[in-house]
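Q: Handing over input05.csv, CSV, C-alpha atoms.
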chain,number,residue,atom,x,y,z
A,119,MET,CA,-16.1,7.8,1.7
A,120,PRO,CA,-12.7,6.1,1.0
A,121,ALA,CA,-12.4,4.6,-2.5
A,122,THR,CA,-11.5,1.2,-1.0
A,123,ASP,CA,-14.7,1.2,1.0
A,124,GLN,CA,-16.9,2.2,-2.0
A,125,LEU,CA,-15.3,-0.5,-4.2
A,126,MET,CA,-16.0,-3.2,-1.6
A,127,LYS,CA,-19.6,-2.1,-1.3
A,128,GLU,CA,-20.1,-2.3,-5.0
A,129,ILE,CA,-18.5,-5.7,-5.2
A,130,LEU,CA,-20.7,-7.0,-2.3
A,131,GLN,CA,-23.8,-5.9,-4.2
A,132,GLN,CA,-22.7,-7.3,-7.6
A,133,PHE,CA,-21.3,-10.6,-6.2
A,134,LEU,CA,-23.3,-11.4,-3.1
A,135,PRO,CA,-23.9,-15.1,-4.0
A,136,ASP,CA,-20.2,-15.6,-4.8
A,137,PHE,CA,-19.3,-13.8,-1.6
A,138,LEU,CA,-21.5,-16.1,0.5
A,139,HIS,CA,-20.2,-19.2,-1.3
A,140,LEU,CA,-16.7,-18.1,-0.7
A,141,PHE,CA,-16.8,-17.3,3.1
A,142,PHE,CA,-20.0,-19.1,4.3
A,143,PRO,CA,-20.3,-22.2,2.0
A,144,GLN,CA,-22.6,-24.2,4.3
A,145,ILE,CA,-25.0,-21.3,4.6
A,146,ALA,CA,-24.9,-20.6,0.9
A,147,GLN,CA,-25.9,-24.2,0.1
A,148,ARG,CA,-29.2,-23.6,1.9
A,149,LEU,CA,-30.1,-20.5,-0.2
A,150,ASP,CA,-31.9,-20.3,-3.5
A,151,PHE,CA,-29.9,-17.9,-5.7
A,152,ASP,CA,-31.9,-18.8,-8.7
A,153,ARG,CA,-34.7,-16.6,-7.3
A,154,GLU,CA,-34.4,-12.9,-7.4
A,155,ILE,CA,-32.3,-11.3,-4.7
A,156,ARG,CA,-34.0,-8.1,-3.5
A,157,PHE,CA,-31.9,-5.3,-2.1
A,158,ARG,CA,-34.0,-3.5,0.5
A,159,ASP,CA,-34.0,0.1,1.6
A,160,LYS,CA,-30.8,0.6,3.6
A,161,GLU,CA,-32.0,3.7,5.4
A,162,LEU,CA,-33.0,3.1,9.0
A,163,PHE,CA,-34.0,5.4,11.9
A,164,THR,CA,-33.5,4.7,15.6
A,165,ASP,CA,-37.0,6.1,16.4
A,166,PHE,CA,-39.9,7.7,14.6
A,167,PRO,CA,-40.5,10.4,13.6
A,168,GLU,CA,-37.3,12.2,14.8
A,169,GLY,CA,-34.8,9.4,15.4
A,170,GLU,CA,-31.2,9.4,14.2
A,171,ARG,CA,-30.6,8.3,10.7
A,172,ARG,CA,-28.6,5.1,10.0
A,173,GLU,CA,-27.7,3.7,6.6
A,174,ALA,CA,-26.5,0.2,6.2
A,175,ASP,CA,-24.1,-0.8,3.5
A,176,LEU,CA,-26.0,-3.7,2.1
A,177,VAL,CA,-29.3,-5.3,3.1
A,178,ALA,CA,-30.4,-8.2,0.8
A,179,GLU,CA,-33.5,-10.4,0.9
A,180,VAL,CA,-32.6,-14.0,-0.1
A,181,HIS,CA,-34.9,-17.0,-0.4
A,182,GLY,CA,-34.1,-20.2,1.4
A,183,LEU,CA,-34.1,-23.6,-0.3
A,184,ASP,CA,-35.8,-25.7,2.4
A,185,GLY,CA,-38.4,-23.2,3.5
A,186,GLN,CA,-37.0,-22.8,7.0
A,187,PRO,CA,-36.6,-19.9,6.9
A,188,GLU,CA,-38.3,-18.9,3.7
A,189,LEU,CA,-36.6,-15.5,3.6
A,190,VAL,CA,-33.4,-14.3,5.2
A,191,LEU,CA,-31.9,-10.8,5.4
A,192,PHE,CA,-28.2,-10.5,4.8
A,193,HIS,CA,-26.8,-7.4,6.3
A,194,VAL,CA,-23.1,-6.8,5.4
A,195,GLU,CA,-21.0,-3.8,6.3
A,196,SER,CA,-17.7,-2.8,4.8
A,197,GLN,CA,-15.2,-1.1,7.1
A,198,ALA,CA,-12.1,0.6,5.9
A,199,LYS,CA,-10.9,1.1,9.5
A,200,ARG,CA,-11.7,-0.7,12.7
A,201,ARG,CA,-13.7,1.4,15.2
A,202,ARG,CA,-14.2,0.9,18.9
A,203,ASP,CA,-17.9,1.6,18.7
A,204,PHE,CA,-18.5,-0.7,15.8
A,205,PRO,CA,-19.9,-3.8,17.7
A,206,TYR,CA,-22.6,-1.6,19.2
A,207,ARG,CA,-23.4,-0.2,15.7
A,208,MET,CA,-23.8,-3.7,14.3
A,209,TRP,CA,-26.2,-4.7,17.2
A,210,GLU,CA,-28.2,-1.5,16.5
A,211,TYR,CA,-28.5,-2.3,12.8
A,212,TYR,CA,-29.6,-5.9,13.7
A,213,ALA,CA,-32.2,-4.7,16.1
A,214,LEU,CA,-33.6,-2.1,13.7
A,215,LEU,CA,-33.8,-4.6,10.8
A,216,ARG,CA,-35.3,-7.4,12.9
A,217,LEU,CA,-38.0,-5.2,14.4
A,218,ARG,CA,-38.8,-3.4,11.2
A,219,THR,CA,-39.0,-6.5,8.9
A,220,GLY,CA,-39.7,-9.4,11.3
A,221,LEU,CA,-37.3,-11.5,9.2
A,222,PRO,CA,-34.2,-13.4,10.5
A,223,VAL,CA,-31.0,-11.4,9.9
A,224,PHE,CA,-27.5,-12.7,9.2
A,225,PRO,CA,-25.1,-9.9,10.1
A,226,ALA,CA,-21.5,-9.7,8.8
A,227,VAL,CA,-18.7,-7.2,8.3
A,228,VAL,CA,-15.8,-7.1,5.9
A,229,TYR,CA,-12.7,-5.3,7.4
A,230,LEU,CA,-10.2,-3.8,5.0
A,231,SER,CA,-7.7,-3.1,7.8
A,232,ALA,CA,-5.8,-5.6,9.8
A,233,GLY,CA,-6.7,-6.7,13.4
A,234,ALA,CA,-9.8,-8.9,13.1
A,235,GLY,CA,-7.9,-12.1,12.9
A,236,GLY,CA,-9.2,-13.5,9.6
A,237,LEU,CA,-12.6,-15.2,9.4
A,238,VAL,CA,-14.0,-15.0,13.0
A,239,TRP,CA,-17.1,-14.1,15.0
A,240,GLU,CA,-17.2,-10.9,17.0
A,241,GLU,CA,-19.4,-10.0,19.9
A,242,TYR,CA,-21.3,-7.1,21.5
A,243,MET,CA,-22.2,-7.7,25.1
A,244,GLU,CA,-24.3,-5.8,27.7
A,245,SER,CA,-24.2,-6.4,31.5
A,246,LEU,CA,-26.0,-5.0,34.5
A,247,PHE,CA,-25.2,-5.8,38.2
A,248,GLU,CA,-22.6,-8.2,37.1
A,249,GLU,CA,-25.1,-10.2,35.1
A,250,ARG,CA,-24.8,-10.6,31.3
A,251,LEU,CA,-28.0,-9.5,29.8
A,252,LEU,CA,-27.2,-9.6,26.1
A,253,THR,CA,-24.7,-11.3,23.8
A,254,PHE,CA,-24.9,-10.4,20.1
A,255,ARG,CA,-22.6,-12.1,17.6
A,256,TYR,CA,-21.8,-11.3,14.0
A,257,ALA,CA,-19.5,-12.7,11.4
A,258,ALA,CA,-16.3,-10.8,10.6
A,259,ILE,CA,-14.0,-11.2,7.6
A,260,GLY,CA,-10.7,-9.5,8.1
A,261,LEU,CA,-9.2,-9.6,4.6
A,262,PRO,CA,-5.7,-8.4,5.5
A,263,ASP,CA,-5.4,-11.2,8.1
A,264,LEU,CA,-6.2,-14.0,5.7
A,265,GLY,CA,-3.5,-15.9,3.8
A,266,SER,CA,-3.7,-14.9,0.1
A,267,GLU,CA,-2.2,-18.1,-1.4
A,268,GLU,CA,-5.4,-20.2,-1.0
A,269,TYR,CA,-7.7,-17.6,-2.5
A,270,ALA,CA,-5.3,-16.4,-5.2
A,271,SER,CA,-5.0,-20.0,-6.5
A,272,SER,CA,-8.8,-20.2,-6.9
A,273,ALA,CA,-10.3,-20.2,-10.4
A,274,GLU,CA,-13.2,-18.1,-9.0
A,275,ALA,CA,-12.8,-14.4,-10.1
A,276,LEU,CA,-14.1,-13.0,-6.8
A,277,ALA,CA,-11.7,-15.1,-4.7
A,278,ALA,CA,-8.7,-14.2,-6.8
A,279,THR,CA,-9.7,-10.5,-6.6
A,280,LEU,CA,-10.2,-10.3,-2.9
A,281,SER,CA,-6.9,-12.1,-2.3
A,282,THR,CA,-5.1,-8.9,-3.4
A,283,ALA,CA,-6.4,-7.3,-0.2
A,284,MET,CA,-5.1,-10.1,1.9
A,285,ALA,CA,-1.7,-10.8,3.4
A,286,PRO,CA,1.3,-10.5,0.9
A,287,HIS,CA,1.7,-13.5,-1.4
A,288,ARG,CA,4.8,-15.6,-0.8
A,289,LEU,CA,5.6,-15.4,-4.5
A,290,GLY,CA,5.6,-11.7,-4.5
A,291,ASN,CA,3.3,-8.8,-5.6
A,292,VAL,CA,4.0,-9.0,-9.3
A,293,HIS,CA,3.1,-12.7,-9.5
A,294,HIS,CA,0.0,-12.2,-7.3
A,295,LYS,CA,-1.4,-9.2,-9.3
A,296,LEU,CA,-0.8,-10.8,-12.7
A,297,ALA,CA,-2.4,-14.1,-11.5
A,298,ALA,CA,-5.5,-12.3,-10.2
A,299,LEU,CA,-5.9,-10.3,-13.4
A,300,ARG,CA,-5.6,-13.5,-15.5
A,301,VAL,CA,-8.4,-15.2,-13.5
A,302,VAL,CA,-10.7,-12.1,-14.0
A,303,ALA,CA,-9.8,-11.7,-17.7
A,304,GLY,CA,-10.5,-15.4,-18.3
A,305,SER,CA,-13.8,-15.5,-16.4
A,306,ASP,CA,-17.2,-15.6,-18.1
A,307,LEU,CA,-18.3,-12.4,-16.4
A,308,ASP,CA,-19.6,-9.5,-18.4
A,309,GLU,CA,-17.2,-6.7,-19.1
A,310,ALA,CA,-18.6,-4.3,-16.5
A,311,ARG,CA,-18.1,-6.7,-13.7
A,312,LYS,CA,-14.6,-7.6,-15.0
A,313,LEU,CA,-13.7,-3.9,-14.8
A,314,LEU,CA,-15.1,-3.6,-11.3
A,315,LEU,CA,-12.9,-6.5,-10.1
A,316,ALA,CA,-9.9,-5.1,-12.0
A,317,ALA,CA,-10.4,-1.8,-10.3
A,318,PHE,CA,-10.3,-3.5,-6.9
A,319,ILE,CA,-7.1,-5.3,-7.8
A,320,GLU,CA,-5.4,-2.1,-9.0
A,321,THR,CA,-6.5,-0.3,-5.8
A,322,PHE,CA,-5.3,-2.9,-3.3
A,323,LEU,CA,-2.2,-4.1,-5.2
A,324,PRO,CA,-0.9,-0.9,-7.0
A,325,LEU,CA,2.8,-1.9,-7.2
A,326,ALA,CA,4.2,1.4,-5.9
A,327,ASP,CA,7.8,0.0,-6.0
A,328,PRO,CA,9.4,1.1,-9.3
A,329,ALA,CA,11.2,-2.2,-9.7
A,330,GLU,CA,8.0,-4.2,-9.2
A,331,ALA,CA,6.1,-1.9,-11.6
A,332,GLU,CA,8.8,-2.4,-14.3
A,333,GLU,CA,8.8,-6.2,-13.8
A,334,PHE,CA,5.0,-6.3,-14.0
A,335,SER,CA,5.0,-4.2,-17.2
A,336,GLN,CA,7.5,-6.5,-18.9
A,337,ARG,CA,5.6,-9.6,-17.9
A,338,VAL,CA,2.3,-8.2,-19.1
A,339,ARG,CA,4.0,-7.7,-22.5
A,340,SER,CA,5.0,-11.4,-22.7
A,341,ASP,CA,3.2,-13.9,-24.8
A,342,GLU,CA,1.6,-15.4,-21.6
A,343,SER,CA,-0.7,-12.4,-21.2
A,344,THR,CA,-3.8,-11.6,-23.2
A,345,GLN,CA,-4.8,-8.3,-24.7
A,346,GLU,CA,-7.6,-8.1,-22.1
A,347,VAL,CA,-5.1,-8.3,-19.3
A,348,ARG,CA,-3.1,-5.5,-20.9
A,349,ALA,CA,-6.2,-3.4,-20.9
A,350,MET,CA,-6.7,-4.0,-17.2
A,351,ILE,CA,-3.3,-2.7,-16.0
A,352,SER,CA,-4.5,0.9,-16.1
A,353,VAL,CA,-8.2,0.3,-15.5
A,354,TYR,CA,-8.4,1.9,-12.1
A,355,SER,CA,-7.5,5.3,-13.4
A,356,ILE,CA,-10.0,4.9,-16.2
A,357,TYR,CA,-12.6,3.7,-13.7
A,358,GLU,CA,-12.2,6.9,-11.8
A,359,GLU,CA,-12.9,9.0,-14.8
A,360,ARG,CA,-16.4,10.3,-14.2
A,361,GLY,CA,-18.1,9.2,-17.3
A,362,LEU,CA,-17.0,5.6,-17.3
A,363,ALA,CA,-17.4,5.1,-13.6
A,364,ARG,CA,-21.0,6.4,-13.8
A,365,GLY,CA,-21.6,4.3,-17.0
A,366,ILE,CA,-20.5,1.1,-15.3
A,367,ARG,CA,-22.6,1.6,-12.2
A,368,GLN,CA,-25.7,2.7,-14.2
A,369,GLY,CA,-25.3,-0.1,-16.7
A,370,ILE,CA,-25.1,-2.8,-14.0
A,371,GLU,CA,-28.0,-1.4,-12.0
A,372,GLN,CA,-30.3,-0.8,-15.0
A,373,GLY,CA,-29.2,-3.7,-17.2
A,374,ILE,CA,-28.8,-1.5,-20.3
A,375,GLU,CA,-26.4,-3.7,-22.2
A,376,GLN,CA,-25.9,-1.2,-25.1
A,377,GLY,CA,-24.8,1.5,-22.7
A,378,ILE,CA,-22.4,-0.9,-20.9
A,379,GLU,CA,-20.9,-2.2,-24.2
A,380,GLN,CA,-20.3,1.4,-25.4
A,381,GLY,CA,-18.7,2.5,-22.2
A,382,ILE,CA,-16.6,-0.6,-21.8
A,383,GLU,CA,-15.4,-0.6,-25.4
A,384,GLN,CA,-14.3,3.0,-25.1
A,385,GLY,CA,-12.7,2.4,-21.7
A,386,ILE,CA,-10.8,-0.7,-22.8
A,387,GLU,CA,-9.6,1.1,-25.9
A,388,GLN,CA,-8.3,4.0,-23.8
A,389,GLY,CA,-6.9,1.5,-21.2
A,390,VAL,CA,-4.9,-0.4,-23.9
A,391,LEU,CA,-3.5,2.8,-25.4
A,392,ARG,CA,-2.6,4.3,-22.0
A,393,GLY,CA,-1.1,1.0,-20.8
A,394,GLU,CA,1.0,0.5,-23.9
A,395,ARG,CA,2.3,4.1,-23.9
A,396,ASP,CA,3.1,4.0,-20.1
A,397,MET,CA,5.0,0.8,-20.6
A,398,LEU,CA,6.9,2.1,-23.6
A,399,LEU,CA,8.0,5.2,-21.7
A,400,ARG,CA,9.2,3.2,-18.7
A,401,LEU,CA,11.2,0.9,-20.9
A,402,LEU,CA,12.7,3.9,-22.8
A,403,ARG,CA,13.7,5.6,-19.5
A,404,ALA,CA,15.2,2.3,-18.2
A,405,LYS,CA,17.4,2.0,-21.3
A,406,PHE,CA,18.2,5.6,-22.2
A,407,GLY,CA,17.7,7.6,-19.0
A,408,ALA,CA,15.7,10.9,-18.8
A,409,LEU,CA,13.8,11.7,-22.0
A,410,GLU,CA,13.6,15.0,-23.7
A,411,THR,CA,10.4,16.8,-24.4
A,412,ALA,CA,10.6,16.0,-28.1
A,413,VAL,CA,10.8,12.3,-27.4
A,414,LEU,CA,7.8,12.5,-25.1
A,415,ASP,CA,5.8,14.4,-27.8
A,416,ARG,CA,6.6,11.8,-30.4
A,417,VAL,CA,5.4,8.9,-28.1
A,418,ALA,CA,2.3,10.9,-27.3
A,419,ALA,CA,1.5,11.3,-31.0
A,420,LEU,CA,1.3,7.5,-31.4
A,421,ASN,CA,-2.5,6.8,-31.4
A,422,THR,CA,-2.8,3.0,-31.8
A,423,PRO,CA,-1.7,0.1,-29.7
A,424,GLN,CA,-0.2,-1.5,-32.8
A,425,GLU,CA,2.2,1.5,-33.3
A,426,LEU,CA,3.2,1.4,-29.6
A,427,GLU,CA,3.7,-2.4,-29.7
A,428,ALA,CA,5.8,-2.2,-32.8
A,429,LEU,CA,8.1,0.5,-31.3
A,430,SER,CA,8.4,-1.5,-28.1
A,431,GLU,CA,9.6,-4.6,-30.1
A,432,ARG,CA,12.2,-2.5,-31.9
A,433,LEU,CA,13.4,-1.2,-28.6
A,434,LEU,CA,14.7,-4.6,-27.7
A,435,THR,CA,17.4,-4.4,-30.4
A,436,ALA,CA,17.8,-0.7,-30.8
A,437,SER,CA,20.9,0.9,-29.2
A,438,THR,CA,19.9,4.6,-29.8
A,439,LEU,CA,16.8,6.8,-29.9
A,440,GLU,CA,17.8,7.6,-33.5
A,441,GLU,CA,17.3,4.0,-34.5
A,442,LEU,CA,13.7,4.2,-33.1
A,443,GLY,CA,13.0,7.5,-35.0
A,444,LEU,CA,12.5,9.3,-31.7
A,445,ALA,CA,15.5,11.6,-31.6
When written as structure tokens, how does the structure in this file appear?
A:
Amino acid sequence: MPATDQLMKEILQQFLPDFLHLFFPQIAQRLDFDREIRFRDKELFTDFPEGERREADLVAEVHGLDGQPELVLFHVESQAKRRRDFPYRMWEYYALLRLRTGLPVFPAVVYLSAGAGGLVWEEYMESLFEERLLTFRYAAIGLPDLGSEEYASSAEALAATLSTAMAPHRLGNVHHKLAALRVVAGSDLDEARKLLLAAFIETFLPLADPAEAEEFSQRVRSDESTQEVRAMISVYSIYEERGLARGIRQGIEQGIEQGIEQGIEQGIEQGVLRGERDMLLRLLRAKFGALETAVLDRVAALNTPQELEALSERLLTASTLEELGLA
């Protein structure tokens, strides 16, 4: 499963109310999010006992506010790539869920590749003898086809995060990424969910261009950025490390706050150290060119963010590696 697809699925499960408020505000106003959202079994079979197995990405049972309907199923799929047979698959999911549960179903898909046209409704149709027998509609959110400026300027952490998967920002990738991280860092979310959103930002806006990466590193080091933002710049690589990724997911699912805090504390500490070291090395290379192994070893031996920050500050006025004690 693509990493982008898995990240989107985890975000949908952790931020379903925010997702519905963001893209379907009129529907969200009619739902009771103060009552427990129950995530149902996602495994479906086209027939019993030997039918084909289907597994939906997210099926959630949500209570209505006005009692009509009292319960609604929200079925949301995440698609990394658009497929020709997908409309039929959405209809199949709908039919299986409707028949199995007897509950009304609101179907939607989030596309992570361009081509959907933004926030639209898609259809699956069946005809026989030139007569249309079936028209099935489902909501589609094509993230890459949406303008990022409106969502990036939001104070909501999910909106700012998802904007990094949308069309390029007119102010550039560096501004966009830093703005999104600041919103997440300043939110009142718990640390596990902050890391999940930061991983999404790092995945969809990685700044592969060296000049952009260097500009971002310099701006992150400015007084405008908080220590928490600095920790997030390398969070995706940390998130991918087996122990922390598992700890985040298990901590969210089981609600074991102590386990989350320990995993996050360790992850942020590693993230700060790795981020500071990477930025220092990039600045050294930009100023002095290729670095010898002895210099790399000396930088690697610095084990606290404070040591790395102090060396980075001295780098601003130093003219040689000898002045920095690295030669």
Q: If you take only C-alpha atoms and a cut-off of 10 Å, which residues of range 270-337 of chain A touch range 126-143 of chain A, and what are their nearest atom pairs and distances in Å to one decimal, in chain and number order, as CSV?
A:
residue,atom,partner,partner_atom,distance
A:Glu274,CA,A:Asp136,CA,8.5
A:Ala275,CA,A:Asp136,CA,9.2
A:Leu276,CA,A:Asp136,CA,6.9
A:Ala277,CA,A:Leu140,CA,7.1
A:Leu280,CA,A:Met126,CA,9.3
A:Arg311,CA,A:Gln132,CA,7.7
A:Leu314,CA,A:Ile129,CA,7.3
A:Leu315,CA,A:Ile129,CA,7.5
A:Phe318,CA,A:Met126,CA,7.8
Q: Please write the residues from the selection above to a file, keeping C-alpha atoms, as a JSON list (two decimals), in the coordinates of the input.
A:
[["chain", "number", "residue", "atom", "x", "y", "z"],
["A", 274, "GLU", "CA", -13.20, -18.10, -9.00],
["A", 275, "ALA", "CA", -12.80, -14.40, -10.10],
["A", 276, "LEU", "CA", -14.10, -13.00, -6.80],
["A", 277, "ALA", "CA", -11.70, -15.10, -4.70],
["A", 280, "LEU", "CA", -10.20, -10.30, -2.90],
["A", 311, "ARG", "CA", -18.10, -6.70, -13.70],
["A", 314, "LEU", "CA", -15.10, -3.60, -11.30],
["A", 315, "LEU", "CA", -12.90, -6.50, -10.10],
["A", 318, "PHE", "CA", -10.30, -3.50, -6.90]]
Q: Fewer than 2 positions away in the same chain doesn't count, so skip those; otherwise give me all residues within 10 Å of Arg395 in chain A, counting only C-alpha atoms, as JSON, numbers by chain.
A: {"A": [389, 390, 391, 392, 393, 397, 398, 399, 400, 401, 417, 418, 420, 421, 422, 423, 425, 426, 427, 430]}
Q: With all atoms listed in the file as the atoms that count, which of A:His294, A:Ala258, A:Pro324, A:Leu289 lies nearest to Gly235 in chain A?
A: A:Ala258
Q: Taking only C-alpha atoms into account, name the residue in A:Tyr206, A:Tyr211, A:Ser231, A:Asp152 that is nearest to Leu252 in chain A.
A: A:Tyr206
Q: Which residue gives the smallest distance to Leu149 in chain A among A:Ala278, A:Leu251, A:Ala329, A:Leu191, with all atoms listed in the file counted?
A: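 Closest residue, counting all atoms listed in the file: A:Leu191.
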Q: For Lys405 in chain A, please output as number ranges by chain all residues within 10 Å (counting only C-alpha atoms; exclusion window: fewer than 3 positions along the same chain).
A: A: 399-402, 408, 433-434, 436-439
Q: Report, in Å to a single decimal, how far apart CA of Pro286 in chain A and CA of Phe204 in chain A are.
A: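 Calculated distance between CA of Phe204 in chain A and CA of Pro286 in chain A is 26.6 Å.
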Q: Using all atoms listed in the file, which residues sit within 9 Å of Arg156 in chain A once same-chain residues fewer than 2 positions away are excluded, as a compact mmCIF listing (two decimals) with C-alpha atoms, in the frame of the given file?
A:
# COMPACT_ATOMS: atom_id res chain seq x y z
CA GLU A 154 -34.40 -12.90 -7.40
CA ARG A 158 -34.00 -3.50 0.50
CA VAL A 177 -29.30 -5.30 3.10
CA ALA A 178 -30.40 -8.20 0.80
CA GLU A 179 -33.50 -10.40 0.90
CA VAL A 180 -32.60 -14.00 -0.10
Q: CA of Glu332 in chain A and CA of Ala317 in chain A are how many Å apart?
A: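 Value for the CA of Glu332 in chain A-CA of Ala317 in chain A distance: 19.6 Å.
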Q: Excluding range 243-247 of chain A and its own-chain neighbours fewer than 4 positions away, which residues fall within 12 Å of it when counting only C-alpha atoms? Please give them as a list in words.
A: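 The residues that qualify are Pro205, Tyr206, Met208, Trp209, Leu251, Leu252, Thr253, Phe254, Arg255 and Tyr256 of chain A.
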Q: Any idea what the distance is between CA of Arg153 in chain A and CA of Gly260 in chain A?
A: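 These atoms are spaced 29.4 Å apart.
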Q: Since the input is missing atoms, can you rebuild N, CA and C atoms for range 230-242 of chain A and write them as a CSV table (one decimal), keeping the file's coordinate frame?
A:
chain,number,residue,atom,x,y,z
A,230,LEU,N,-11.3,-4.0,5.9
A,230,LEU,CA,-10.2,-3.8,5.0
A,230,LEU,C,-8.9,-3.4,5.7
A,231,SER,N,-8.9,-3.4,7.0
A,231,SER,CA,-7.7,-3.1,7.8
A,231,SER,C,-7.4,-4.3,8.7
A,232,ALA,N,-6.2,-4.5,9.0
A,232,ALA,CA,-5.8,-5.6,9.8
A,232,ALA,C,-6.2,-5.5,11.3
A,233,GLY,N,-6.3,-6.7,11.9
A,233,GLY,CA,-6.7,-6.7,13.4
A,233,GLY,C,-7.8,-7.6,13.7
A,234,ALA,N,-8.6,-8.0,12.8
A,234,ALA,CA,-9.8,-8.9,13.1
A,234,ALA,C,-9.4,-10.3,13.4
A,235,GLY,N,-8.3,-10.8,12.7
A,235,GLY,CA,-7.9,-12.1,12.9
A,235,GLY,C,-8.3,-13.1,11.8
A,236,GLY,N,-8.8,-12.6,10.7
A,236,GLY,CA,-9.2,-13.5,9.6
A,236,GLY,C,-10.7,-13.7,9.6
A,237,LEU,N,-11.2,-14.9,9.4
A,237,LEU,CA,-12.6,-15.2,9.4
A,237,LEU,C,-13.0,-15.6,10.8
A,238,VAL,N,-13.7,-14.8,11.5
A,238,VAL,CA,-14.0,-15.0,13.0
A,238,VAL,C,-15.4,-14.5,13.3
A,239,TRP,N,-15.8,-14.7,14.5
A,239,TRP,CA,-17.1,-14.1,15.0
A,239,TRP,C,-16.7,-13.1,16.1
A,240,GLU,N,-17.4,-11.9,16.0
A,240,GLU,CA,-17.2,-10.9,17.0
A,240,GLU,C,-18.5,-10.7,17.8
A,241,GLU,N,-18.3,-10.1,19.0
A,241,GLU,CA,-19.4,-10.0,19.9
A,241,GLU,C,-19.6,-8.6,20.5
A,242,TYR,N,-20.9,-8.3,20.7
A,242,TYR,CA,-21.3,-7.1,21.5
A,242,TYR,C,-22.0,-7.6,22.7
